[in-house]
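> Contents of final-v3.txt (compact mmCIF, C-alpha atoms) are given next:
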# COMPACT_ATOMS: atom_id res chain seq x y z
CA MET A 1290 6.84 -2.59 -6.58
CA PHE A 1291 6.68 -1.05 -3.12
CA ILE A 1292 7.23 2.49 -4.45
CA GLY A 1293 4.86 1.98 -7.35
CA HIS A 1294 1.93 1.09 -5.08
CA GLY A 1295 2.08 4.39 -3.24
CA LEU A 1296 2.74 6.52 -6.33
CA LEU A 1297 -0.10 4.96 -8.32
CA ALA A 1298 -2.56 5.53 -5.47
CA PHE A 1299 -1.29 9.10 -5.13
CA ALA A 1300 -1.62 9.88 -8.84
CA VAL A 1301 -5.12 8.49 -9.26
CA ALA A 1302 -6.49 10.00 -6.03
CA ALA A 1303 -4.99 13.42 -6.81
CA CYS A 1304 -6.37 13.33 -10.37
CA VAL A 1305 -9.85 12.41 -9.17
CA ALA A 1306 -9.80 15.17 -6.54
CA ASP A 1307 -8.66 17.68 -9.17
CA TRP A 1308 -11.37 16.49 -11.57
CA ARG A 1309 -13.92 17.02 -8.80
CA GLY A 1310 -12.86 20.64 -8.58
CA TRP A 1311 -10.73 20.55 -5.43
CA GLU A 1312 -8.02 23.17 -5.17
CA PRO A 1313 -4.56 21.79 -6.10
CA ARG A 1314 -3.04 21.73 -2.62
CA ARG A 1315 -5.98 19.78 -1.20
CA ALA A 1316 -5.93 17.39 -4.16
CA LEU A 1317 -2.23 16.73 -3.57
CA LEU A 1318 -2.94 16.12 0.11
CA VAL A 1319 -5.63 13.55 -0.65
CA GLY A 1320 -3.26 11.85 -3.07
CA ALA A 1321 -0.51 11.76 -0.45
CA VAL A 1322 -2.87 10.22 2.11
CA ALA A 1323 -3.99 7.56 -0.37
CA GLY A 1324 -0.36 6.85 -1.24
CA ALA A 1325 0.57 6.47 2.42
CA PHE A 1326 -2.22 3.96 3.00
CA ALA A 1327 -1.26 2.10 -0.19
CA THR A 1328 2.17 1.28 1.24
CA ILE A 1329 0.84 -0.10 4.53
CA PRO A 1330 0.04 -3.66 3.31
CA ASP A 1331 3.74 -4.29 2.72
CA ILE A 1332 4.40 -3.89 6.44
CA ASP A 1333 4.14 -7.69 6.47
CA VAL A 1334 7.71 -7.94 5.12
CA VAL A 1335 8.89 -6.93 8.60
CA TYR A 1336 8.34 -10.54 9.60
CA ALA A 1337 11.01 -11.52 7.07
CA LEU A 1338 13.57 -10.13 9.51
CA VAL A 1339 12.98 -13.36 11.43
CA GLY A 1340 14.81 -15.07 8.60
CA LEU A 1341 17.84 -12.89 9.19
CA LEU A 1342 17.84 -13.86 12.85
CA GLU A 1343 18.15 -17.49 11.77
CA TRP A 1344 20.87 -16.74 9.23
CA GLN A 1345 24.37 -17.93 10.01
CA VAL A 1346 27.32 -15.74 9.03
CA SER A 1347 28.97 -18.76 7.50
CA ASP A 1348 26.18 -18.92 4.90
CA GLY A 1349 27.42 -15.73 3.23
CA ALA A 1350 25.52 -12.81 1.76
CA LEU A 1351 23.48 -15.05 -0.55
CA GLY A 1352 22.40 -17.09 2.46
CA ALA A 1353 21.13 -13.93 4.17
CA SER A 1354 19.05 -13.00 1.15
CA THR A 1355 17.63 -16.52 0.89
CA ALA A 1356 16.75 -16.63 4.59
CA PHE A 1357 15.03 -13.25 4.34
CA TRP A 1358 12.81 -14.14 1.39
CA ASP A 1359 12.06 -17.66 2.65
CA ALA A 1360 10.68 -16.16 5.86
CA SER A 1361 8.72 -13.53 3.94
CA ARG A 1362 6.80 -16.20 2.03
CA ASP A 1363 5.08 -17.26 5.26
CA VAL A 1364 3.02 -14.07 5.51
CA HIS A 1365 3.77 -11.73 2.59
CA ARG A 1366 0.74 -10.82 0.48
CA SER A 1367 -1.60 -12.60 2.84
CA VAL A 1368 -3.67 -10.98 5.59
CA THR A 1369 -2.68 -7.38 4.87
CA HIS A 1370 -3.41 -7.62 1.13
CA SER A 1371 -7.01 -8.78 1.47
CA LEU A 1372 -9.78 -6.71 -0.09
CA VAL A 1373 -12.03 -7.81 2.78
CA VAL A 1374 -9.55 -6.59 5.38
CA GLY A 1375 -9.19 -3.32 3.48
CA ALA A 1376 -12.95 -2.80 3.43
CA ILE A 1377 -13.05 -3.16 7.23
CA ALA A 1378 -9.85 -1.30 8.04
CA ALA A 1379 -10.53 1.78 5.86
CA PRO A 1380 -13.60 2.93 7.84
CA ALA A 1381 -11.71 2.29 11.07
CA PHE A 1382 -8.79 4.44 9.90
CA GLY A 1383 -11.21 7.15 8.80
CA LEU A 1384 -12.85 7.24 12.23
CA LEU A 1385 -9.43 7.46 13.85
CA ALA A 1386 -8.68 10.52 11.71
CA ALA A 1387 -11.48 12.51 13.37
CA ARG A 1388 -10.13 15.66 15.01
CA SER A 1389 -13.08 16.30 17.33
CA SER A 1390 -12.80 15.52 21.03
CA SER A 1391 -16.53 15.26 21.59
CA ALA A 1392 -18.15 12.25 23.22
CA ARG A 1393 -19.46 11.15 19.82
CA ALA A 1394 -15.98 11.27 18.33
CA ARG A 1395 -14.57 9.28 21.24
CA ILE A 1396 -17.24 6.63 20.73
CA ALA A 1397 -16.38 6.52 17.02
CA ARG A 1398 -12.70 6.06 17.78
CA GLY A 1399 -13.58 3.31 20.24
CA ALA A 1400 -15.58 1.55 17.52
CA ALA A 1401 -12.61 1.91 15.15
CA ILE A 1402 -10.26 0.30 17.66
CA ALA A 1403 -12.80 -2.51 18.13
CA LEU A 1404 -12.82 -3.14 14.36
CA LEU A 1405 -9.04 -3.35 14.25
CA VAL A 1406 -8.91 -5.63 17.28
CA GLY A 1407 -11.51 -7.79 15.56
CA LEU A 1408 -9.22 -8.12 12.54
CA VAL A 1409 -6.38 -9.26 14.80
CA VAL A 1410 -8.64 -11.84 16.45
CA ILE A 1411 -9.77 -13.15 13.06
CA ALA A 1412 -6.14 -13.40 11.95
CA VAL A 1413 -5.10 -15.44 14.99
CA LEU A 1414 -8.12 -17.74 14.68
CA ARG A 1415 -7.66 -18.21 10.94
CA ASP A 1416 -3.87 -18.40 10.51
CA GLY A 1417 -2.28 -18.34 13.95
CA PRO A 1418 -0.05 -15.98 15.94
CA ILE A 1419 2.24 -14.94 13.08
CA ALA A 1420 -0.72 -13.67 11.05
CA ALA A 1421 -2.00 -11.90 14.17
CA LEU A 1422 1.38 -10.21 14.65
CA VAL A 1423 1.38 -8.99 11.07
CA MET A 1424 -2.19 -7.74 11.44
CA CYS A 1425 -1.17 -5.84 14.58
CA LEU A 1426 1.61 -4.13 12.61
CA PHE A 1427 -0.88 -3.33 9.84
CA ALA A 1428 -3.40 -1.84 12.27
CA ALA A 1429 -0.74 0.15 14.12
CA SER A 1430 0.65 1.56 10.87
CA GLY A 1431 -2.80 2.63 9.71
CA LEU A 1432 -3.51 4.19 13.09
CA LEU A 1433 -0.30 6.24 12.89
CA VAL A 1434 -1.15 7.46 9.40
CA ALA A 1435 -4.72 8.32 10.43
CA ARG A 1436 -3.64 10.26 13.50
CA GLY A 1437 -0.97 12.03 11.48
CA VAL A 1438 -3.61 13.10 8.97
CA ALA A 1439 -5.83 14.33 11.81
CA ARG A 1440 -3.01 16.46 13.23
CA ALA A 1441 -1.65 17.84 9.96
CA SER A 1442 -4.75 18.43 7.83
CA THR A 1443 -8.42 19.36 7.79
CA LEU A 1444 -9.57 16.38 5.76
CA SER A 1445 -12.88 14.96 6.92
CA PRO A 1446 -13.10 11.37 8.20
CA ALA A 1447 -15.20 10.47 5.16
CA THR A 1448 -12.46 11.71 2.82
CA VAL A 1449 -9.85 9.74 4.76
CA VAL A 1450 -12.03 6.62 4.50
CA LEU A 1451 -12.20 6.94 0.71
CA ALA A 1452 -8.47 7.66 0.44
CA ALA A 1453 -7.62 4.72 2.71
CA LEU A 1454 -9.98 2.39 0.85
CA TRP A 1455 -8.49 3.31 -2.51
CA GLY A 1456 -4.96 2.96 -1.18
CA LEU A 1457 -5.54 -0.42 0.44
CA TRP A 1458 -7.55 -1.80 -2.49
CA SER A 1459 -5.18 -0.56 -5.20
CA HIS A 1460 -2.16 -2.22 -3.61
CA PRO A 1461 -2.86 -5.93 -4.32
CA TRP A 1462 -3.36 -5.40 -8.06
CA GLY A 1463 0.24 -4.38 -8.61
CA ASP A 1464 1.34 -7.66 -7.08
CA LEU A 1465 -0.22 -9.52 -9.98
CA LEU A 1466 2.87 -8.63 -12.01
CA THR A 1467 5.48 -9.84 -9.52
CA GLY A 1468 5.69 -12.93 -7.38
CA SER A 1469 2.63 -14.81 -6.22
CA PRO A 1470 -0.88 -13.27 -6.17
CA PRO A 1471 -2.16 -11.95 -2.83
CA ASP A 1472 -4.75 -13.60 -0.59
CA TRP A 1473 -7.58 -11.49 -2.03
CA LEU A 1474 -10.45 -12.55 0.22
CA PHE A 1475 -8.83 -13.41 3.56
CA PRO A 1476 -10.24 -14.75 5.88
CA PHE A 1477 -12.43 -16.49 3.31
CA GLY A 1478 -10.85 -19.26 1.29
CA ALA A 1479 -12.45 -18.57 -2.08
CA PRO A 1480 -9.66 -18.44 -4.69
CA VAL A 1481 -9.48 -15.35 -6.92
CA LEU A 1482 -6.85 -14.94 -9.65
CA GLU A 1483 -4.61 -17.72 -8.41
CA SER A 1484 -1.79 -17.02 -10.88
CA ARG A 1485 0.12 -13.85 -11.65
CA LEU A 1486 -0.14 -11.99 -14.94
CA VAL A 1487 2.62 -12.88 -17.38
CA LEU A 1488 3.47 -10.05 -19.75
CA HIS A 1489 5.79 -12.20 -21.87
CA SER A 1490 6.73 -15.87 -22.00
CA ASP A 1491 10.41 -14.99 -21.76
CA PRO A 1492 11.28 -14.45 -18.06
CA THR A 1493 13.72 -11.62 -18.77
CA LEU A 1494 11.28 -9.71 -20.99
CA ASN A 1495 8.53 -10.30 -18.45
CA LEU A 1496 10.70 -8.79 -15.71
CA LEU A 1497 11.60 -5.83 -17.92
CA GLY A 1498 7.90 -5.32 -18.67
CA ALA A 1499 7.06 -5.18 -14.97
CA PHE A 1500 9.97 -2.78 -14.44
CA GLY A 1501 8.68 -0.63 -17.29
CA ILE A 1502 5.27 -0.39 -15.65
CA GLU A 1503 6.97 0.63 -12.41
CA LEU A 1504 8.85 3.41 -14.21
CA ALA A 1505 5.68 4.53 -15.99
CA THR A 1506 3.94 4.78 -12.61
CA ILE A 1507 6.73 6.98 -11.28
CA TRP A 1508 6.49 9.29 -14.28
CA LEU A 1509 2.70 9.42 -13.97
CA ALA A 1510 3.01 10.56 -10.36
CA LEU A 1511 5.62 13.18 -11.38
CA ALA A 1512 3.35 14.43 -14.16
CA VAL A 1513 0.39 14.75 -11.80
CA GLY A 1514 2.51 16.54 -9.21
CA CYS A 1515 3.84 18.98 -11.81
CA ARG A 1516 0.38 19.66 -13.20
CA LEU A 1517 -1.12 20.43 -9.80
CA THR A 1518 1.78 22.70 -8.85
CA ASP A 1519 1.85 24.52 -12.22
CA ARG A 1520 5.31 23.27 -13.11
CA SER A 1521 6.60 22.02 -16.43
CA LEU A 1522 7.61 18.37 -16.38
CA LEU A 1523 9.84 18.80 -19.44
CA ALA A 1524 11.60 21.79 -17.87
CA ALA A 1525 12.37 19.69 -14.81
CA VAL A 1526 14.15 16.99 -16.85
CA ASP A 1527 17.87 17.53 -17.32
CA ARG A 1528 18.94 17.07 -20.94
CA ARG A 1529 21.86 14.82 -20.06
CA ALA A 1530 19.53 12.66 -17.98
CA GLY A 1531 17.18 12.43 -20.96
CA VAL A 1532 20.03 11.25 -23.16
CA GLY A 1533 20.96 8.69 -20.54
CA VAL A 1534 17.42 7.33 -20.45
CA ALA A 1535 17.37 7.08 -24.25
For this file, produce the structure as structure tokens.

Amino acid sequence: MFIGHGLLAFAVAACVADWRGWEPRRALLVGAVAGAFATIPDIDVVYALVGLLEWQVSDGALGASTAFWDASRDVHRSVTHSLVVGAIAAPAFGLLAARSSSARARIARGAAIALLVGLVVIAVLRDGPIAALVMCLFAASGLLVARGVARASTLSPATVVLAALWGLWSHPWGDLLTGSPPDWLFPFGAPVLESRLVLHSDPTLNLLGAFGIELATIWLALAVGCRLTDRSLLAAVDRRAGVGVA
């Protein structure tokens, strides 16, 4: 549900901004920023490439897939999917999005870097070097998004904080429908929602249900985008494509 995470964050953030009276272009921008931050937690799948390095050609294509996902289970939905980590990282990303070059802004950016370094230290102390590596990738990705926002927009750091917080916090909930639940409160060990939500007892229908939610999220994002750009969603749908969907 990688795409769904970003599109859901985009749709909700853009709708809220529009409801608050923001002009459409700015509302779309806030939604895009939230969507970008919502995809960052899945940077942890990069570690799964380690599995491919261990894969032998003789194992075949199925062996490559198995090696990839076996490696991903070591870190996926762990440190980067924590609500605690998100609550710390979002303010740091917001401070890094400041455009000012004043001494106060430089101090704020220094504090933001310190927060992110602190997250890496906590990861290595709690789960070891692999978790620290993933946290470094998470922090670097957020930093790139924040600096990109600072260069390409006039959004205030406070707005970026809220967009980042919504994006990072909305991501783990989608994972309740697929695979294992995330590590909600890392680095604390308190269990929260230890099992995923099952939409139907039949595995095939359950998978189709999750896929249906993914499609609904895509259409929600399209509807929001069309509304804020004064376009007709129905006019944008090709008739033959509609028949194909039916």
> Atom CA of A:Trp1473 to atom CA of A:Ala1453: how many Å, to one decimal?
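Atom CA of A:Ala1453 lies 16.9 Å from atom CA of A:Trp1473.
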> Calculated over all atoms listed in the file, which of the candidates A:Ala1452, A:Ala1429, A:Ala1499, A:Ala1401 has the smallest distance to A:Phe1326?
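Going through A:Ala1452, A:Ala1429, A:Ala1499, A:Ala1401 one by one, the smallest distance to A:Phe1326 is for A:Ala1452.
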> Which is closer to A:Ala1441 than all the others in A:Arg1309, A:Arg1366, A:Arg1388, A:Arg1529, using only C-alpha atoms?
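Once distances to A:Ala1441 are computed over only C-alpha atoms, the minimum belongs to A:Arg1388.
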> Measuring atom to atom with all atoms listed in the file, identify which of A:Ala1412, A:Leu1497, A:Ala1397, A:Val1449 is nearest to A:Ala1325.
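Answer, going by the shortest atom-to-atom distance: A:Val1449.
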> For A:Leu1523, which of A:Asp1331, A:Val1319, A:Gly1431, A:Trp1508 is the closest residue, counting all atoms listed in the file?
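That would be A:Trp1508, the residue with the smallest distance to A:Leu1523.
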> What's around A:Arg1516 at 10 Å? Count only C-alpha atoms, leave out sequence neighbours fewer than 6 positions away in its own chain, and write the answer as a list in words.
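Using only C-alpha atoms, the neighbours found are Cys1304, Pro1313, Ala1510 and Leu1522 of chain A.
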> With distances taken over only C-alpha atoms, which residue among A:His1460, A:Arg1415, A:Arg1520, A:Arg1314 lies nearest A:Phe1475?
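Nearest candidate to A:Phe1475 out of A:His1460, A:Arg1415, A:Arg1520, A:Arg1314: A:Arg1415.
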> For the atom pair atom CA of A:Ala1303 and atom CA of A:Leu1317, what is the interatomic distance in Å to one decimal place?
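Atom-to-atom, atom CA of A:Ala1303 to atom CA of A:Leu1317, that is 5.4 Å.
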> Show which residues sit within 6 Å of stretch 1464-1467 of chain A, as a ChimeraX atom specification. Count only C-alpha atoms, and ignore same-chain residues fewer than 2 positions away.
/A:1461-1462,1470,1485-1486
> Could you tell me how far atom CA of A:Leu1318 lies from atom CA of A:Pro1446, in Å and to one decimal?
13.8 Å
> Counting all atoms listed in the file, which residue out of A:Ala1428, A:Leu1457, A:Val1526, A:Val1374 sits closest to A:His1294?
A:Leu1457
> Please determine the residues with any atom at most 8 Å from (-2.0, 6.4, -4.3) (coordinates as given in the file, with only C-alpha atoms counting) and report them as a VMD selection string.
chain A and resid 1294 to 1302 1320 to 1327 1455 to 1456 1459
> Using only C-alpha atoms, which protein or nucleic acid residues come within 10 Å of stretch 1404-1408 of chain A? Drop anything in the same chain fewer than 3 positions from it, and give the result as a PDB file with C-alpha atoms, in the coordinates of the input.

ATOM      1  CA  VAL A1368      -3.670 -10.980   5.590  1.00  0.00           C
ATOM      2  CA  VAL A1374      -9.550  -6.590   5.380  1.00  0.00           C
ATOM      3  CA  ILE A1377     -13.050  -3.160   7.230  1.00  0.00           C
ATOM      4  CA  ALA A1378      -9.850  -1.300   8.040  1.00  0.00           C
ATOM      5  CA  ALA A1379     -10.530   1.780   5.860  1.00  0.00           C
ATOM      6  CA  PRO A1380     -13.600   2.930   7.840  1.00  0.00           C
ATOM      7  CA  ALA A1381     -11.710   2.290  11.070  1.00  0.00           C
ATOM      8  CA  PHE A1382      -8.790   4.440   9.900  1.00  0.00           C
ATOM      9  CA  ARG A1398     -12.700   6.060  17.780  1.00  0.00           C
ATOM     10  CA  GLY A1399     -13.580   3.310  20.240  1.00  0.00           C
ATOM     11  CA  ALA A1400     -15.580   1.550  17.520  1.00  0.00           C
ATOM     12  CA  ALA A1401     -12.610   1.910  15.150  1.00  0.00           C
ATOM     13  CA  ILE A1411      -9.770 -13.150  13.060  1.00  0.00           C
ATOM     14  CA  ALA A1412      -6.140 -13.400  11.950  1.00  0.00           C
ATOM     15  CA  VAL A1413      -5.100 -15.440  14.990  1.00  0.00           C
ATOM     16  CA  LEU A1414      -8.120 -17.740  14.680  1.00  0.00           C
ATOM     17  CA  ALA A1421      -2.000 -11.900  14.170  1.00  0.00           C
ATOM     18  CA  MET A1424      -2.190  -7.740  11.440  1.00  0.00           C
ATOM     19  CA  CYS A1425      -1.170  -5.840  14.580  1.00  0.00           C
ATOM     20  CA  PHE A1427      -0.880  -3.330   9.840  1.00  0.00           C
ATOM     21  CA  ALA A1428      -3.400  -1.840  12.270  1.00  0.00           C
ATOM     22  CA  ALA A1429      -0.740   0.150  14.120  1.00  0.00           C
ATOM     23  CA  GLY A1431      -2.800   2.630   9.710  1.00  0.00           C
ATOM     24  CA  LEU A1432      -3.510   4.190  13.090  1.00  0.00           C
ATOM     25  CA  PRO A1476     -10.240 -14.750   5.880  1.00  0.00           C
TER      26      PRO A1476
END
> Write stretch 1441-1472 of chain A as a compact mmCIF listing (two decimals), keeping the file's coordinate frame, completed to N, CA and C atoms.

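Saved the output as out-v8.txt:
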# COMPACT_ATOMS: atom_id res chain seq x y z
N ALA A 1441 -2.30 16.99 10.96
CA ALA A 1441 -1.65 17.84 9.96
C ALA A 1441 -2.58 18.36 8.87
N SER A 1442 -3.86 18.01 8.91
CA SER A 1442 -4.75 18.43 7.83
C SER A 1442 -6.16 18.67 8.36
N THR A 1443 -7.01 19.15 7.46
CA THR A 1443 -8.42 19.36 7.79
C THR A 1443 -9.32 18.43 7.01
N LEU A 1444 -8.76 17.33 6.52
CA LEU A 1444 -9.57 16.38 5.76
C LEU A 1444 -10.61 15.74 6.67
N SER A 1445 -11.81 15.57 6.15
CA SER A 1445 -12.88 14.96 6.92
C SER A 1445 -12.65 13.46 7.05
N PRO A 1446 -13.22 12.82 8.08
CA PRO A 1446 -13.10 11.37 8.20
C PRO A 1446 -13.60 10.62 6.97
N ALA A 1447 -14.67 11.14 6.35
CA ALA A 1447 -15.20 10.47 5.16
C ALA A 1447 -14.19 10.49 4.02
N THR A 1448 -13.49 11.62 3.86
CA THR A 1448 -12.46 11.71 2.82
C THR A 1448 -11.32 10.76 3.11
N VAL A 1449 -10.93 10.65 4.38
CA VAL A 1449 -9.85 9.74 4.76
C VAL A 1449 -10.28 8.30 4.50
N VAL A 1450 -11.53 7.98 4.77
CA VAL A 1450 -12.03 6.62 4.50
C VAL A 1450 -11.87 6.28 3.03
N LEU A 1451 -12.29 7.20 2.15
CA LEU A 1451 -12.20 6.94 0.71
C LEU A 1451 -10.74 6.83 0.28
N ALA A 1452 -9.89 7.71 0.80
CA ALA A 1452 -8.47 7.66 0.44
C ALA A 1452 -7.83 6.36 0.93
N ALA A 1453 -8.18 5.96 2.15
CA ALA A 1453 -7.62 4.72 2.71
C ALA A 1453 -8.12 3.51 1.93
N LEU A 1454 -9.41 3.52 1.59
CA LEU A 1454 -9.98 2.39 0.85
C LEU A 1454 -9.32 2.25 -0.52
N TRP A 1455 -9.16 3.37 -1.22
CA TRP A 1455 -8.49 3.31 -2.51
C TRP A 1455 -7.06 2.84 -2.37
N GLY A 1456 -6.35 3.37 -1.38
CA GLY A 1456 -4.96 2.96 -1.18
C GLY A 1456 -4.83 1.48 -0.88
N LEU A 1457 -5.63 0.99 0.04
CA LEU A 1457 -5.54 -0.42 0.44
C LEU A 1457 -6.02 -1.35 -0.67
N TRP A 1458 -7.03 -0.94 -1.43
CA TRP A 1458 -7.55 -1.80 -2.49
C TRP A 1458 -6.69 -1.75 -3.75
N SER A 1459 -6.00 -0.64 -3.99
CA SER A 1459 -5.18 -0.56 -5.20
C SER A 1459 -3.90 -1.37 -5.06
N HIS A 1460 -3.45 -1.56 -3.84
CA HIS A 1460 -2.16 -2.22 -3.61
C HIS A 1460 -2.07 -3.64 -4.19
N PRO A 1461 -3.03 -4.52 -3.89
CA PRO A 1461 -2.86 -5.93 -4.32
C PRO A 1461 -2.75 -6.10 -5.83
N TRP A 1462 -3.35 -5.19 -6.61
CA TRP A 1462 -3.36 -5.40 -8.06
C TRP A 1462 -1.96 -5.31 -8.65
N GLY A 1463 -1.12 -4.47 -8.11
CA GLY A 1463 0.24 -4.38 -8.61
C GLY A 1463 1.03 -5.65 -8.40
N ASP A 1464 0.64 -6.42 -7.37
CA ASP A 1464 1.34 -7.66 -7.08
C ASP A 1464 1.04 -8.76 -8.08
N LEU A 1465 0.07 -8.53 -8.95
CA LEU A 1465 -0.22 -9.52 -9.98
C LEU A 1465 0.90 -9.63 -11.00
N LEU A 1466 1.78 -8.63 -11.03
CA LEU A 1466 2.87 -8.63 -12.01
C LEU A 1466 4.16 -9.20 -11.45
N THR A 1467 4.25 -9.33 -10.14
CA THR A 1467 5.48 -9.84 -9.52
C THR A 1467 5.14 -10.85 -8.45
N GLY A 1468 5.87 -11.93 -8.42
CA GLY A 1468 5.69 -12.93 -7.38
C GLY A 1468 4.33 -13.62 -7.45
N SER A 1469 3.89 -14.10 -6.29
CA SER A 1469 2.63 -14.81 -6.22
C SER A 1469 1.49 -13.84 -5.94
N PRO A 1470 0.27 -14.14 -6.41
CA PRO A 1470 -0.88 -13.27 -6.17
C PRO A 1470 -1.20 -13.18 -4.68
N PRO A 1471 -1.82 -12.09 -4.25
CA PRO A 1471 -2.16 -11.95 -2.83
C PRO A 1471 -3.35 -12.81 -2.43
N ASP A 1472 -3.58 -12.89 -1.13
CA ASP A 1472 -4.75 -13.60 -0.59
C ASP A 1472 -5.92 -12.62 -0.61
